[in-house]
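Reading through the structure tokens given below for one structure.
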Amino acid sequence: MTLEERLNLVKRENEILLNMGPQHPSTHGVIRFIVRADGEIMVEALPVVGYLHRGIEKLAEQTPYTGFIPYTDRVDYLAAMFANHAYVMGVEKLLGIEVPKRAEYLRVIACELNRIASHLIALGSMAMDIGAFTPFLHGIRERELINDITEMLCGARLTYNYMRVGGVSKDIDDRIIKKINDFLDRFLPGFIDEFNRLITNNEILVKRCVNIATVSADEAINFGLVGPNLRASGVKWDLRKNMPYSVYPELKFEVPVGEGFRGEVGDSYDRFVVRVKEMEESARILKQAVSQLPEGEILAKVPKRIKPPKGEVYSAVESARGELGYYIISDGTENPYRVKIRTGSFSAMKAIHIKSQGCFIADLVVLIASMDIVAPEIDR
Amino acid sequence: MSFTNYLANIRNSVVSIFEGMAVTFSWMLRRPHTVQYPDKVDKGHELIKEGFRGILEVDVSLCTGCLACQRTCPIGVILVEVSKGTERYITRFDIDAAKCMYCGLCTEACPTNAIRHTKEFAYSVDDIRKLVLHYIKEPVKPYKPVKDATPDNFNAGRFVSEIVKNREKEYVEYEAPSVKIPDGGQTEKEKN
Amino acid sequence: MNISEVHTEVKKFFPEKISDVIASGPLSFFYFEPEIIKELFLVLRDKIGMEFKHLSYIAAVDNKECFELVYCLYSYRWGNVIHLKTRLSRENPIIKSISDLFVAAEWHEREAYDLMGIIFEEHPDLRRIMMPDDFEGHPLRKDFKEKDNYHGIPTSREKILGKF
Amino acid sequence: MFEISSKILDYFGISSDFSVIVVVLVFFVYGLFALTFASLFAGITSWYERRIAGRMQSRIGPNRVGYQGFWQWLADGLKCWFKEDIIPKDTDSVLFRIAPYFVFTGVLSTFVVIPFSPTIVGSDMNVGLVYIIAITALVVAGILMAGWASNSKWTLLGGIRSAAQMISYEIPVALSLIVVIIPAGTLSLQKIIQMQGGAPYNWFIFHNPGTFAAFFIYFTSALAEGNRTPFDLPEAESELVAGYNTEYSGMRFLFFLFAEWMNLYVIGAIATAVFLGGWRIPGIAYEVQAASLWLQFVGFIIFLIKALLLVNVIIWLRWTLPRLRIDQLMIMCYKYLIPLSVIMILLSVFFTVIYYSLPFLSLAVRIVLFILSLIVAGYFGYRVYFNIKYFPDKTYLRWMI
């Protein structure tokens, strides 16, 4: 069945077909929606993905284990650290390597910085899709400070390639720690409160998001939603708490859950607020991690050519967009036999398709933004 | 919708708009965070942090010809040719800067820090072939590593090599070095 | 409930159709016969004590001799994750769709159909998802050969390094 | 302008045979003046708005062309002149071509009654306010034309949205102006200004609680009628790509934007004239001001400053608020603004009647309202100070950099 046949199958009279994307201001990259609308009200928004499909899973089969780390950056360009972390953790499990404590802390620091940066973009672009420009640029401004830190930490601002099998590539120094502390001082009470005053509590935004595309807890689980989208529906599930990895058990933090802050549990506004609260928690984790940073090695003893024994592994981390997992099959050679990447945005797209039915066209924009999808994560 | 709800809506809107406008007005009185790009280009380079992964450069005098970088590169950006014979000569060291993704794996693999990143990042040219940087003009003897050398010994300071700077003028169709290699060594071209 | 407990529980329902638990590296899983997929997943989803209500992903693997489908299930209530596998023949890779049990399965099955060529019966909307509709072949198969061009567009770039 | 024409006729002793020519000439010159003023205002506002937006978002904004990028608007205009005027295939080409001019004319025609000073006004019609409400309906026609003629679904949606929105919001605009017309007893803008005093507490906004609220209702609904954020649904760029002007390019596209920025001044000017005392100078009687050319000029400057302050507020609102949804927009109009403005009309009637029997109450209410608004402004200043203190970042009071 082709796309055209699918559309002809369901098309009714008095409907207009709107082609939203792949080049549209609010589809966040190259995602296409075919909107079947009756006036302003949609019948459904059919997602058409694949415009950014680069076959990363196929590339993995032809690339050595270490050489694939830069590719993982490209899976989710807004939160590349998590992709690094999940993949590297998987290979370490296959090899059975113990990672030094300091390296684990550095990974946590890098990841949580990245989570804040990613959420800033998500919240800002959601505000921008609703029509407020200023919060987006305020978010970008703070993210720029994080980018400066990651640039000092690993030499790149977007595609980090920071983690290695067995540790991390560069050590942290006092200047970077000072910069992180400066950023946290500015961020935690100051920026978040101001951001809330500027946009989160804004009545227009609240009215635009409340009770729009409500996903109940059962639906969220069945749709396969993960991360902040799942937690906004009231399911308290965070891989950092429930299936602890790295040094997260040693750090104290809360898992924010959607409580129906202004409307029903699991609406778009809950997804917005949960992300704001997650940024606060990340900043708290960062404060602890920076102060507890142990001394020691940053890279374990790893053979120069990585040849894991035969076996399979599934390693997942809690990324900014939810569970990001790498299912790796090793056949004992230098290249992985098969890599499957499980991403949060992929399942969110199906939820968007279902939840778009009966919304306004303007609500579709809110729905897409509140699910925080990133195009390369869907297509890979 | 009850009447109190109606009034609460009006109050919420007025209060939240008032607060939002206070925030935006307070930012009217602050200094912008952006740097004026065309005005302060030199400053821009200083703003790049130490350890930035820019264009790759090669200090050929330090190269041991071990091919570690070529093997590590996941996308095949580096091409090194070493002549075989009684005495080894490096006859070719090319980097395709157009294809490079700046992952930095080659710099970590290099035992002598001969290949490294510069801070250079802006390099648009009118022909993609000009972005292939040739580092070897004449066959070079490989560097013999010192026993107790650490990578820091070799990295005197990060400089932008002449080849990176003058890439526009430097572009010539690549030819194998014409200088005869002593001791019966052969370049790849002569072999064919 | 970890994988072995799930295995003993499920074995009571389908004694013949389920293999033993296999540990391959850090991951443990068991195989099941493709024809019992619907019943098996219904039990896994709804039986009290298991409640694997979240389907994380479906990975299709080309095993040279056969195709393997890997199903990963989460139970948020009990905090468990299990992996199950099934084998399909290369010549006739057909299996029942579970998209009526898990909404999330719909797109994962479309992906497996698109990239590996596995056909899911009773799937509501089995179309290509990543590749264009007129694409030939299934790229994640190990024997997939890339064509020279697609609609006249060459698929390979000339190698600059080799030439100069 | 008739007054000025007759003065000129008297001064030069021109016989009545040629008076038509002189009158036409005077009107032509005034028309050119109004067009130039509006175009300059629209152009400069386009640059000014970008600079203000830049500062609010902690960036710089256009600063390359001329001092502080002041000539940016001219550069943009020139660029649009030289751009190709693309008319897409399958458009209704006649409607497509003339639509921008409808919008432009609709806004520019309001300058006929918008006063600059006691005597400098196109025509002091006795139905001035009704004329403004009527003539702006041309804008709806133009936008709907553009949306229809472009032969694109996005533009059609934008055009329909715009028609629904602008026609709905004409009602609260008219109703809120009636609140002032009751105490003023006239529809002529010049007469309304005359009836106000120069000092702030003599303005109509502080006349009674009804007019005070009516000012905000007018301001909100005028924003909606002028398609400005938070009511810019017809061109909501995150939903409808660019709304009704998606398919336009070059100078035709610019005419839409011209109309939008000119409309800023129109909103500000009407609010100034009706609510904020217009060109009145504090402590100077109307007759004295009308007789002296210099005082008229001072009055013009005062009028401009008040209007510009309101334009600033509009720009500031745009860079603060998100956009409403179409049903919320309609709810706001029919459930909030119209009932409220009807209540304000009743309040206004009540107070106008009361003032006849109790004249001292008039002054008391005015002063109380004035002090109230000063308190709100003071609290606002405190909030701004609080924000600056709470999130320490370098303050920099120079508004340009």
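Here, A, B, ... name the chains of the structure tokens in the order displayed, residue numbers run from 1 inside each chain, and ligands are numbered from 1 in the same displayed order.
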
Could you list the residues in chain B lying within 12 Å of chain C, using only C-alpha atoms, and format the result as a ChimeraX atom specification? /B:75-81,92-100,127-134,171-176

So that each row is one residue of chain A with an atom at most 6 Å from chain C, can you give its shortest atom pair and the distance in Å to one decimal, using only C-alpha atoms, rows by chain and rising number, as a tab-separated table?
residue	atom	partner	partner_atom	distance
A:Met1	CA	C:Arg127	CA	5.6
A:Thr2	CA	C:Asp133	CA	5.8
A:Gly50	CA	C:Met130	CA	4.0
A:Ile221	CA	C:His54	CA	5.3
A:Asn222	CA	C:Phe102	CA	5.6
A:Phe223	CA	C:Ala104	CA	4.7
A:Gly224	CA	C:Ala104	CA	5.1
A:Gly311	CA	C:Gly25	CA	4.1
A:Glu312	CA	C:Gly25	CA	5.4
A:Val313	CA	C:Leu27	CA	5.2

Nearby residues (only C-alpha atoms) at most 12 Å from Gly39 of chain A, same-chain spacing under 5 positions excluded, as a ChimeraX atom specification: /A:14-18,358-362 /D:153-154,156-158,160-161,326

Any chance you can output those residues with all heavy atoms as a compact mmCIF listing (two decimals), in the first residue's frame?
# COMPACT_ATOMS: atom_id res chain seq x y z
N ASN A 14 -15.87 17.00 1.55
CA ASN A 14 -15.75 18.26 2.29
C ASN A 14 -14.50 18.32 3.15
O ASN A 14 -14.45 19.01 4.14
CB ASN A 14 -16.96 18.49 3.21
CG ASN A 14 -18.23 18.58 2.42
OD1 ASN A 14 -18.20 19.01 1.27
ND2 ASN A 14 -19.32 18.17 3.00
N GLU A 15 -13.51 17.53 2.78
CA GLU A 15 -12.25 17.62 3.53
C GLU A 15 -11.23 18.32 2.68
O GLU A 15 -11.22 18.16 1.46
CB GLU A 15 -11.73 16.23 3.85
CG GLU A 15 -12.25 15.66 5.12
CD GLU A 15 -11.68 14.29 5.35
OE1 GLU A 15 -10.72 13.91 4.64
OE2 GLU A 15 -12.20 13.61 6.21
N ILE A 16 -10.37 19.09 3.33
CA ILE A 16 -9.22 19.58 2.58
C ILE A 16 -7.99 18.86 3.08
O ILE A 16 -7.87 18.54 4.25
CB ILE A 16 -9.04 21.11 2.67
CG1 ILE A 16 -9.05 21.59 4.12
CG2 ILE A 16 -10.10 21.82 1.87
CD1 ILE A 16 -8.64 23.03 4.25
N LEU A 17 -7.10 18.57 2.14
CA LEU A 17 -5.84 17.93 2.49
C LEU A 17 -4.79 19.03 2.55
O LEU A 17 -4.54 19.73 1.57
CB LEU A 17 -5.44 16.90 1.44
CG LEU A 17 -6.14 15.57 1.46
CD1 LEU A 17 -5.54 14.68 0.41
CD2 LEU A 17 -6.02 14.92 2.81
N LEU A 18 -4.20 19.20 3.72
CA LEU A 18 -3.15 20.20 3.87
C LEU A 18 -1.82 19.47 4.00
O LEU A 18 -1.71 18.53 4.78
CB LEU A 18 -3.39 21.01 5.14
CG LEU A 18 -4.30 22.22 5.07
CD1 LEU A 18 -4.56 22.71 6.46
CD2 LEU A 18 -3.66 23.31 4.26
N GLY A 358 -9.34 15.22 15.74
CA GLY A 358 -10.34 16.07 16.35
C GLY A 358 -9.82 17.35 16.96
O GLY A 358 -10.58 18.10 17.55
N CYS A 359 -8.52 17.61 16.84
CA CYS A 359 -7.97 18.86 17.36
C CYS A 359 -8.14 19.98 16.35
O CYS A 359 -8.49 19.75 15.20
CB CYS A 359 -6.48 18.71 17.63
SG CYS A 359 -6.05 17.74 19.03
N PHE A 360 -7.82 21.19 16.78
CA PHE A 360 -7.66 22.30 15.84
C PHE A 360 -6.30 22.18 15.17
O PHE A 360 -5.39 21.55 15.71
CB PHE A 360 -7.74 23.62 16.58
CG PHE A 360 -9.12 24.03 16.96
CD1 PHE A 360 -9.66 23.68 18.17
CD2 PHE A 360 -9.87 24.79 16.09
CE1 PHE A 360 -10.94 24.06 18.51
CE2 PHE A 360 -11.14 25.17 16.42
CZ PHE A 360 -11.69 24.81 17.64
N ILE A 361 -6.17 22.84 14.04
CA ILE A 361 -4.86 22.85 13.37
C ILE A 361 -3.83 23.50 14.28
O ILE A 361 -2.69 23.05 14.40
CB ILE A 361 -4.94 23.59 12.03
CG1 ILE A 361 -5.76 22.77 11.04
CG2 ILE A 361 -3.55 23.84 11.47
CD1 ILE A 361 -5.92 23.43 9.71
N ALA A 362 -4.25 24.56 14.99
CA ALA A 362 -3.32 25.24 15.89
C ALA A 362 -2.89 24.32 17.03
O ALA A 362 -1.79 24.44 17.55
CB ALA A 362 -3.96 26.50 16.45
N LYS D 153 -3.97 26.68 0.11
CA LYS D 153 -4.85 26.40 1.24
C LYS D 153 -4.44 27.20 2.46
O LYS D 153 -5.28 27.60 3.26
CB LYS D 153 -4.82 24.91 1.54
CG LYS D 153 -5.57 24.11 0.51
CD LYS D 153 -5.18 22.66 0.57
CE LYS D 153 -5.78 21.90 -0.59
NZ LYS D 153 -5.14 20.60 -0.76
N TRP D 154 -3.13 27.39 2.61
CA TRP D 154 -2.68 28.14 3.79
C TRP D 154 -3.20 29.58 3.73
O TRP D 154 -3.66 30.12 4.73
CB TRP D 154 -1.16 28.15 3.87
CG TRP D 154 -0.55 26.81 4.04
CD1 TRP D 154 0.23 26.14 3.15
CD2 TRP D 154 -0.67 25.94 5.17
NE1 TRP D 154 0.61 24.94 3.65
CE2 TRP D 154 0.07 24.79 4.88
CE3 TRP D 154 -1.33 26.04 6.38
CZ2 TRP D 154 0.17 23.73 5.77
CZ3 TRP D 154 -1.24 24.99 7.27
CH2 TRP D 154 -0.49 23.85 6.96
N LEU D 156 -5.76 30.68 2.14
CA LEU D 156 -7.22 30.71 2.30
C LEU D 156 -7.59 30.64 3.77
O LEU D 156 -8.43 31.41 4.25
CB LEU D 156 -7.83 29.54 1.54
CG LEU D 156 -9.35 29.50 1.55
CD1 LEU D 156 -9.89 30.70 0.82
CD2 LEU D 156 -9.85 28.24 0.89
N LEU D 157 -6.92 29.73 4.49
CA LEU D 157 -7.20 29.65 5.93
C LEU D 157 -6.89 30.97 6.61
O LEU D 157 -7.66 31.45 7.45
CB LEU D 157 -6.35 28.54 6.56
CG LEU D 157 -6.92 27.13 6.51
CD1 LEU D 157 -5.91 26.16 7.08
CD2 LEU D 157 -8.20 27.06 7.30
N GLY D 158 -5.76 31.58 6.22
CA GLY D 158 -5.40 32.87 6.81
C GLY D 158 -6.44 33.92 6.51
O GLY D 158 -6.84 34.70 7.38
N ILE D 160 -9.63 33.51 5.76
CA ILE D 160 -10.90 33.27 6.46
C ILE D 160 -10.78 33.63 7.92
O ILE D 160 -11.65 34.29 8.51
CB ILE D 160 -11.32 31.80 6.28
CG1 ILE D 160 -11.70 31.56 4.83
CG2 ILE D 160 -12.49 31.47 7.17
CD1 ILE D 160 -11.88 30.12 4.50
N ARG D 161 -9.65 33.23 8.52
CA ARG D 161 -9.41 33.61 9.92
C ARG D 161 -9.49 35.11 10.08
O ARG D 161 -10.12 35.63 11.00
CB ARG D 161 -8.02 33.15 10.35
CG ARG D 161 -7.94 31.75 10.81
CD ARG D 161 -6.54 31.49 11.30
NE ARG D 161 -6.40 30.14 11.80
CZ ARG D 161 -5.34 29.72 12.47
NH1 ARG D 161 -4.35 30.55 12.68
NH2 ARG D 161 -5.26 28.49 12.91
N ILE D 326 -8.01 30.20 17.58
CA ILE D 326 -9.10 30.91 16.93
C ILE D 326 -10.37 30.89 17.77
O ILE D 326 -11.07 31.90 17.89
CB ILE D 326 -9.32 30.33 15.50
CG1 ILE D 326 -10.37 31.13 14.74
CG2 ILE D 326 -9.71 28.88 15.53
CD1 ILE D 326 -9.85 32.41 14.18

As a PyMOL selection string, list the residues of segment 76-270 of chain A assigned to strand (DSSP E or B) by DSSP on the backbone atoms of this structure. chain A and resi 163-164+167-168

Writer output for current selection, all heavy atoms, as a JSON list (two decimals), in the first residue's frame:
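Written file, again08.json:
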[["chain", "number", "residue", "atom", "x", "y", "z"],
["A", 163, "MET", "N", 32.38, 10.52, 24.96],
["A", 163, "MET", "CA", 32.62, 9.30, 25.72],
["A", 163, "MET", "C", 33.34, 8.25, 24.88],
["A", 163, "MET", "O", 33.18, 8.19, 23.67],
["A", 163, "MET", "CB", 31.28, 8.75, 26.21],
["A", 163, "MET", "CG", 30.67, 9.72, 27.19],
["A", 163, "MET", "SD", 29.08, 9.25, 27.69],
["A", 163, "MET", "CE", 28.53, 10.77, 28.42],
["A", 164, "ARG", "N", 34.13, 7.46, 25.56],
["A", 164, "ARG", "CA", 34.85, 6.37, 24.92],
["A", 164, "ARG", "C", 34.48, 5.08, 25.64],
["A", 164, "ARG", "O", 34.01, 5.13, 26.78],
["A", 164, "ARG", "CB", 36.36, 6.60, 25.04],
["A", 164, "ARG", "CG", 36.86, 7.82, 24.35],
["A", 164, "ARG", "CD", 36.93, 7.63, 22.85],
["A", 164, "ARG", "NE", 37.40, 8.85, 22.23],
["A", 164, "ARG", "CZ", 36.63, 9.86, 21.89],
["A", 164, "ARG", "NH1", 35.34, 9.81, 22.13],
["A", 164, "ARG", "NH2", 37.13, 10.93, 21.33],
["A", 167, "GLY", "N", 35.41, 4.94, 29.43],
["A", 167, "GLY", "CA", 35.62, 6.21, 30.13],
["A", 167, "GLY", "C", 35.20, 7.38, 29.29],
["A", 167, "GLY", "O", 34.26, 7.29, 28.51],
["A", 168, "VAL", "N", 35.92, 8.48, 29.48],
["A", 168, "VAL", "CA", 35.64, 9.67, 28.69],
["A", 168, "VAL", "C", 36.94, 10.13, 28.05],
["A", 168, "VAL", "O", 38.01, 9.69, 28.41],
["A", 168, "VAL", "CB", 35.04, 10.79, 29.56],
["A", 168, "VAL", "CG1", 33.68, 10.42, 30.05],
["A", 168, "VAL", "CG2", 35.95, 11.15, 30.69]]

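Counting only C-alpha atoms, every residue of chain B that comes within 7 Å of chain D is listed here: B:Gly20, B:Met21, B:Ala22, B:Val23, B:Thr24, B:Phe25, B:Ser26, B:Trp27, B:Met28, B:Leu29, B:Arg30, B:Arg31, B:Pro32, B:His33, B:Thr34.
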
Near chain A, meaning an atom within 6 Å, which residues of chain B appear when counting only C-alpha atoms? Write them as number ranges by chain. B: 13, 16, 20, 49, 51-53, 74

Kindly provide, as an MDAnalysis selection string, the residues of chain A having any atom no farther than 6 Å from an atom of chain D, counting only C-alpha atoms. chainID A and resid 25:26 129:132 134 137 190 362

Can you pull out the residues contacting segment 260-268 of chain A? Cut-off 6 Å, using only C-alpha atoms, and skip same-chain residues under 4 positions away; I want them as a VMD selection string. chain A and resid 209 to 216 232 to 233 370

Write a file of the selected residues as a PDB file, in the first residue's frame, keeping C-alpha atoms.
ATOM      1  CA  CYS A 209      -2.022  23.953  26.409  1.00  0.00           C
ATOM      2  CA  VAL A 210      -4.461  22.914  29.096  1.00  0.00           C
ATOM      3  CA  ASN A 211      -6.596  19.885  28.212  1.00  0.00           C
ATOM      4  CA  ILE A 212      -5.059  19.698  24.750  1.00  0.00           C
ATOM      5  CA  ALA A 213      -4.124  16.175  23.628  1.00  0.00           C
ATOM      6  CA  THR A 214      -4.482  14.592  27.022  1.00  0.00           C
ATOM      7  CA  VAL A 215      -2.734  11.239  27.229  1.00  0.00           C
ATOM      8  CA  SER A 216      -3.860   9.110  30.151  1.00  0.00           C
ATOM      9  CA  ALA A 232       3.609  13.916  32.475  1.00  0.00           C
ATOM     10  CA  SER A 233       0.844  11.326  32.268  1.00  0.00           C
ATOM     11  CA  SER A 370       4.909  19.318  23.640  1.00  0.00           C
TER      12      SER A 370
END
